[in-house]
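Reproduced below: target29.cif, with mmCIF, N, CA and C atoms.
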data_entry
loop_
_atom_site.label_atom_id
_atom_site.label_comp_id
_atom_site.auth_asym_id
_atom_site.auth_seq_id
_atom_site.Cartn_x
_atom_site.Cartn_y
_atom_site.Cartn_z
N MET R 257 -63.72 -23.81 -0.89
CA MET R 257 -62.60 -23.20 -1.55
C MET R 257 -61.61 -22.74 -0.49
N ASN R 258 -60.38 -23.01 -0.67
CA ASN R 258 -59.34 -22.63 0.28
C ASN R 258 -58.69 -21.33 -0.18
N ASN R 259 -59.02 -20.24 0.50
CA ASN R 259 -58.42 -18.95 0.15
C ASN R 259 -57.22 -18.70 1.03
N LEU R 260 -56.06 -18.67 0.43
CA LEU R 260 -54.83 -18.42 1.18
C LEU R 260 -54.62 -16.92 1.26
N ASN R 261 -54.32 -16.45 2.45
CA ASN R 261 -54.01 -15.05 2.63
C ASN R 261 -52.49 -14.91 2.55
N ILE R 262 -52.00 -14.66 1.36
CA ILE R 262 -50.56 -14.60 1.13
C ILE R 262 -50.18 -13.16 0.84
N SER R 263 -49.23 -12.66 1.61
CA SER R 263 -48.80 -11.28 1.40
C SER R 263 -47.94 -11.16 0.15
N GLN R 264 -47.82 -9.93 -0.32
CA GLN R 264 -47.01 -9.64 -1.50
C GLN R 264 -45.54 -9.90 -1.18
N PRO R 265 -44.85 -10.72 -1.96
CA PRO R 265 -43.44 -11.00 -1.68
C PRO R 265 -42.52 -9.89 -2.18
N ASP R 266 -41.30 -9.98 -1.79
CA ASP R 266 -40.25 -9.05 -2.20
C ASP R 266 -40.02 -9.20 -3.71
N PRO R 267 -40.06 -8.10 -4.47
CA PRO R 267 -39.82 -8.18 -5.92
C PRO R 267 -38.44 -8.72 -6.30
N GLU R 268 -37.51 -8.72 -5.37
CA GLU R 268 -36.18 -9.25 -5.65
C GLU R 268 -36.10 -10.77 -5.50
N TRP R 269 -37.14 -11.38 -4.97
CA TRP R 269 -37.21 -12.83 -4.77
C TRP R 269 -37.11 -13.53 -6.13
N ASP R 270 -36.36 -14.60 -6.19
CA ASP R 270 -36.15 -15.34 -7.44
C ASP R 270 -37.46 -15.82 -8.08
N TYR R 271 -38.42 -16.16 -7.27
CA TYR R 271 -39.69 -16.68 -7.78
C TYR R 271 -40.78 -15.62 -7.90
N TYR R 272 -40.42 -14.36 -7.78
CA TYR R 272 -41.42 -13.29 -7.78
C TYR R 272 -42.29 -13.30 -9.03
N GLU R 273 -41.68 -13.37 -10.20
CA GLU R 273 -42.45 -13.36 -11.44
C GLU R 273 -43.36 -14.59 -11.53
N ALA R 274 -42.83 -15.74 -11.18
CA ALA R 274 -43.65 -16.96 -11.19
C ALA R 274 -44.80 -16.83 -10.20
N TRP R 275 -44.53 -16.25 -9.03
CA TRP R 275 -45.56 -16.05 -8.00
C TRP R 275 -46.70 -15.21 -8.55
N GLN R 276 -46.35 -14.11 -9.22
CA GLN R 276 -47.38 -13.23 -9.80
C GLN R 276 -48.20 -13.96 -10.86
N LEU R 277 -47.51 -14.66 -11.75
CA LEU R 277 -48.20 -15.38 -12.81
C LEU R 277 -49.10 -16.48 -12.26
N LEU R 278 -48.62 -17.19 -11.26
CA LEU R 278 -49.43 -18.25 -10.66
C LEU R 278 -50.66 -17.69 -9.95
N HIS R 279 -50.54 -16.53 -9.36
CA HIS R 279 -51.72 -15.90 -8.75
C HIS R 279 -52.72 -15.48 -9.81
N ASP R 280 -52.25 -15.01 -10.95
CA ASP R 280 -53.15 -14.68 -12.04
C ASP R 280 -53.89 -15.93 -12.52
N ILE R 281 -53.17 -17.02 -12.64
CA ILE R 281 -53.78 -18.29 -13.04
C ILE R 281 -54.78 -18.74 -11.99
N LYS R 282 -54.42 -18.62 -10.73
CA LYS R 282 -55.32 -19.00 -9.63
C LYS R 282 -56.61 -18.19 -9.69
N ASN R 283 -56.51 -16.91 -10.00
CA ASN R 283 -57.70 -16.08 -10.12
C ASN R 283 -58.61 -16.58 -11.24
N LYS R 284 -58.02 -17.04 -12.33
CA LYS R 284 -58.82 -17.60 -13.43
C LYS R 284 -59.50 -18.89 -13.00
N ILE R 285 -58.78 -19.73 -12.27
CA ILE R 285 -59.36 -20.98 -11.77
C ILE R 285 -60.49 -20.67 -10.80
N ASP R 286 -60.29 -19.70 -9.91
CA ASP R 286 -61.35 -19.29 -8.99
C ASP R 286 -62.58 -18.79 -9.75
N ALA R 287 -62.36 -18.05 -10.84
CA ALA R 287 -63.47 -17.58 -11.66
C ALA R 287 -64.22 -18.76 -12.29
N ALA R 288 -63.49 -19.76 -12.75
CA ALA R 288 -64.13 -20.95 -13.33
C ALA R 288 -64.93 -21.70 -12.27
N LEU R 289 -64.38 -21.79 -11.06
CA LEU R 289 -65.12 -22.44 -9.98
C LEU R 289 -66.40 -21.69 -9.65
N LYS R 290 -66.34 -20.38 -9.72
CA LYS R 290 -67.53 -19.57 -9.47
C LYS R 290 -68.59 -19.84 -10.53
N VAL R 291 -68.16 -19.97 -11.79
CA VAL R 291 -69.10 -20.27 -12.86
C VAL R 291 -69.80 -21.60 -12.60
N ILE R 292 -69.04 -22.64 -12.33
CA ILE R 292 -69.68 -23.96 -12.16
C ILE R 292 -70.48 -24.05 -10.88
N SER R 293 -70.11 -23.27 -9.86
CA SER R 293 -70.87 -23.35 -8.61
C SER R 293 -72.27 -22.79 -8.79
N GLY R 294 -72.48 -21.96 -9.80
CA GLY R 294 -73.80 -21.40 -10.05
C GLY R 294 -74.62 -22.18 -11.06
N GLU R 295 -74.10 -23.29 -11.54
CA GLU R 295 -74.79 -24.07 -12.57
C GLU R 295 -75.41 -25.33 -11.97
N GLU R 296 -76.67 -25.54 -12.28
CA GLU R 296 -77.35 -26.77 -11.83
C GLU R 296 -76.91 -27.95 -12.69
N ARG R 297 -76.82 -27.72 -13.99
CA ARG R 297 -76.43 -28.77 -14.94
C ARG R 297 -75.42 -28.22 -15.93
N ALA R 298 -74.58 -29.11 -16.43
CA ALA R 298 -73.61 -28.73 -17.46
C ALA R 298 -74.36 -28.44 -18.75
N GLY R 299 -73.84 -27.50 -19.49
CA GLY R 299 -74.46 -27.16 -20.77
C GLY R 299 -73.46 -26.47 -21.67
N TYR R 300 -73.87 -26.26 -22.90
CA TYR R 300 -72.97 -25.68 -23.89
C TYR R 300 -72.49 -24.30 -23.46
N ALA R 301 -73.40 -23.45 -23.01
CA ALA R 301 -73.04 -22.08 -22.65
C ALA R 301 -72.05 -22.05 -21.49
N SER R 302 -72.30 -22.84 -20.46
CA SER R 302 -71.37 -22.84 -19.33
C SER R 302 -70.04 -23.48 -19.71
N ASP R 303 -70.07 -24.51 -20.54
CA ASP R 303 -68.83 -25.14 -21.00
C ASP R 303 -67.99 -24.15 -21.81
N GLU R 304 -68.64 -23.37 -22.66
CA GLU R 304 -67.92 -22.37 -23.45
C GLU R 304 -67.30 -21.31 -22.55
N LYS R 305 -68.06 -20.87 -21.55
CA LYS R 305 -67.54 -19.87 -20.61
C LYS R 305 -66.33 -20.44 -19.87
N LEU R 306 -66.40 -21.68 -19.45
CA LEU R 306 -65.27 -22.32 -18.76
C LEU R 306 -64.05 -22.41 -19.67
N LYS R 307 -64.26 -22.77 -20.92
CA LYS R 307 -63.14 -22.81 -21.88
C LYS R 307 -62.51 -21.44 -22.04
N GLU R 308 -63.35 -20.40 -22.13
CA GLU R 308 -62.84 -19.03 -22.27
C GLU R 308 -61.95 -18.64 -21.09
N ILE R 309 -62.30 -19.12 -19.93
CA ILE R 309 -61.54 -18.79 -18.73
C ILE R 309 -60.30 -19.68 -18.59
N LEU R 310 -60.48 -20.98 -18.80
CA LEU R 310 -59.42 -21.94 -18.46
C LEU R 310 -58.37 -22.15 -19.55
N GLU R 311 -58.71 -22.01 -20.81
CA GLU R 311 -57.70 -22.19 -21.84
C GLU R 311 -56.55 -21.20 -21.72
N PRO R 312 -56.84 -19.90 -21.52
CA PRO R 312 -55.71 -18.97 -21.30
C PRO R 312 -54.93 -19.30 -20.03
N ALA R 313 -55.62 -19.77 -18.99
CA ALA R 313 -54.94 -20.15 -17.76
C ALA R 313 -53.99 -21.32 -18.01
N LEU R 314 -54.42 -22.27 -18.81
CA LEU R 314 -53.57 -23.41 -19.14
C LEU R 314 -52.34 -22.96 -19.91
N GLU R 315 -52.54 -22.09 -20.89
CA GLU R 315 -51.41 -21.57 -21.66
C GLU R 315 -50.43 -20.83 -20.75
N GLN R 316 -50.97 -20.03 -19.84
CA GLN R 316 -50.12 -19.31 -18.90
C GLN R 316 -49.34 -20.28 -18.02
N LEU R 317 -50.00 -21.32 -17.53
CA LEU R 317 -49.34 -22.29 -16.68
C LEU R 317 -48.22 -23.01 -17.43
N GLU R 318 -48.48 -23.39 -18.65
CA GLU R 318 -47.44 -24.02 -19.46
C GLU R 318 -46.25 -23.09 -19.62
N ASN R 319 -46.50 -21.81 -19.84
CA ASN R 319 -45.41 -20.84 -19.97
C ASN R 319 -44.65 -20.66 -18.67
N VAL R 320 -45.36 -20.64 -17.57
CA VAL R 320 -44.69 -20.51 -16.26
C VAL R 320 -43.75 -21.69 -16.05
N ILE R 321 -44.23 -22.88 -16.32
CA ILE R 321 -43.41 -24.08 -16.13
C ILE R 321 -42.21 -24.05 -17.06
N LYS R 322 -42.43 -23.70 -18.32
CA LYS R 322 -41.36 -23.70 -19.31
C LYS R 322 -40.31 -22.62 -19.05
N ASN R 323 -40.75 -21.45 -18.62
CA ASN R 323 -39.85 -20.30 -18.56
C ASN R 323 -39.32 -19.95 -17.18
N ASN R 324 -39.85 -20.56 -16.13
CA ASN R 324 -39.47 -20.13 -14.79
C ASN R 324 -38.78 -21.19 -13.94
N PHE R 325 -38.78 -22.40 -14.39
CA PHE R 325 -38.18 -23.46 -13.57
C PHE R 325 -37.11 -24.18 -14.39
N SER R 326 -35.98 -24.34 -13.78
CA SER R 326 -34.82 -24.85 -14.51
C SER R 326 -34.64 -26.37 -14.44
N ILE R 327 -35.69 -27.09 -14.16
CA ILE R 327 -35.56 -28.54 -14.07
C ILE R 327 -35.65 -29.15 -15.46
#

What's the structure tokens form of this structure?
Amino acid sequence: MNNLNISQPDPEWDYYEAWQLLHDIKNKIDAALKVISGEERAGYASDEKLKEILEPALEQLENVIKNNFSI
């Protein structure tokens, strides 16, 4: 796992809100990676736990893309 040591940016930065949201999403992804790293085999319980973690992260990511980038 590549842990980036990124300092807190200036709140006046244009991408500040997106930066915060993306870090929240990253934390959810890291949590999902922790779940699967402790599993020998895939199963219903671990799959459900992964869905609980990753579905909100996906929704957040979609919102970040939709609301924070003007492309």

Practice prompt. May I ask which of the residues R:Glu304, R:Ile309, R:Tyr272, R:Ile321 is the closest one to Leu289 in chain R, counting only C-alpha atoms?
Written response: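 Selected residue with least distance to Leu289 in chain R: R:Ile309.
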
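Going from CA of Val320 in chain R to CA of Ala274 in chain R covers 6.3 Å.
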
Practice prompt. Would you please give, as a ChimeraX atom specification, all residues of chain R that DSSP assigns to helix (DSSP H, G or I) based on the backbone?
Written response: /R:272-293,300-324

Discussion item. List the spatial neighbours of range 322-327 of chain R as number ranges by chain - criterion: any atom at most 8 Å away, all atoms listed in the file, same-chain residues fewer than 2 positions off excluded.
Written reply: R: 271, 273-274, 316-320

Around all listed atoms of range 302-309 of chain R, padded 6 Å per side, what centre and edge lengths does the axis-aligned box have in Å to one decimal, as JSON?
{"center_x": -66.3, "center_y": -21.9, "center_z": -21.0, "size_x": 24.0, "size_y": 18.5, "size_z": 16.9}

Worksheet item: To one decimal place, how far is atom N of Gly299 in chain R from CA of Asp280 in chain R in Å?
Response: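 Interatomic distance here is 25.5 Å.
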
Fill in: Atomic distance atom C of Ala313 in chain R - atom C of Ile281 in chain R, expressed in Å with one decimal
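Those two atoms sit 6.6 Å apart.
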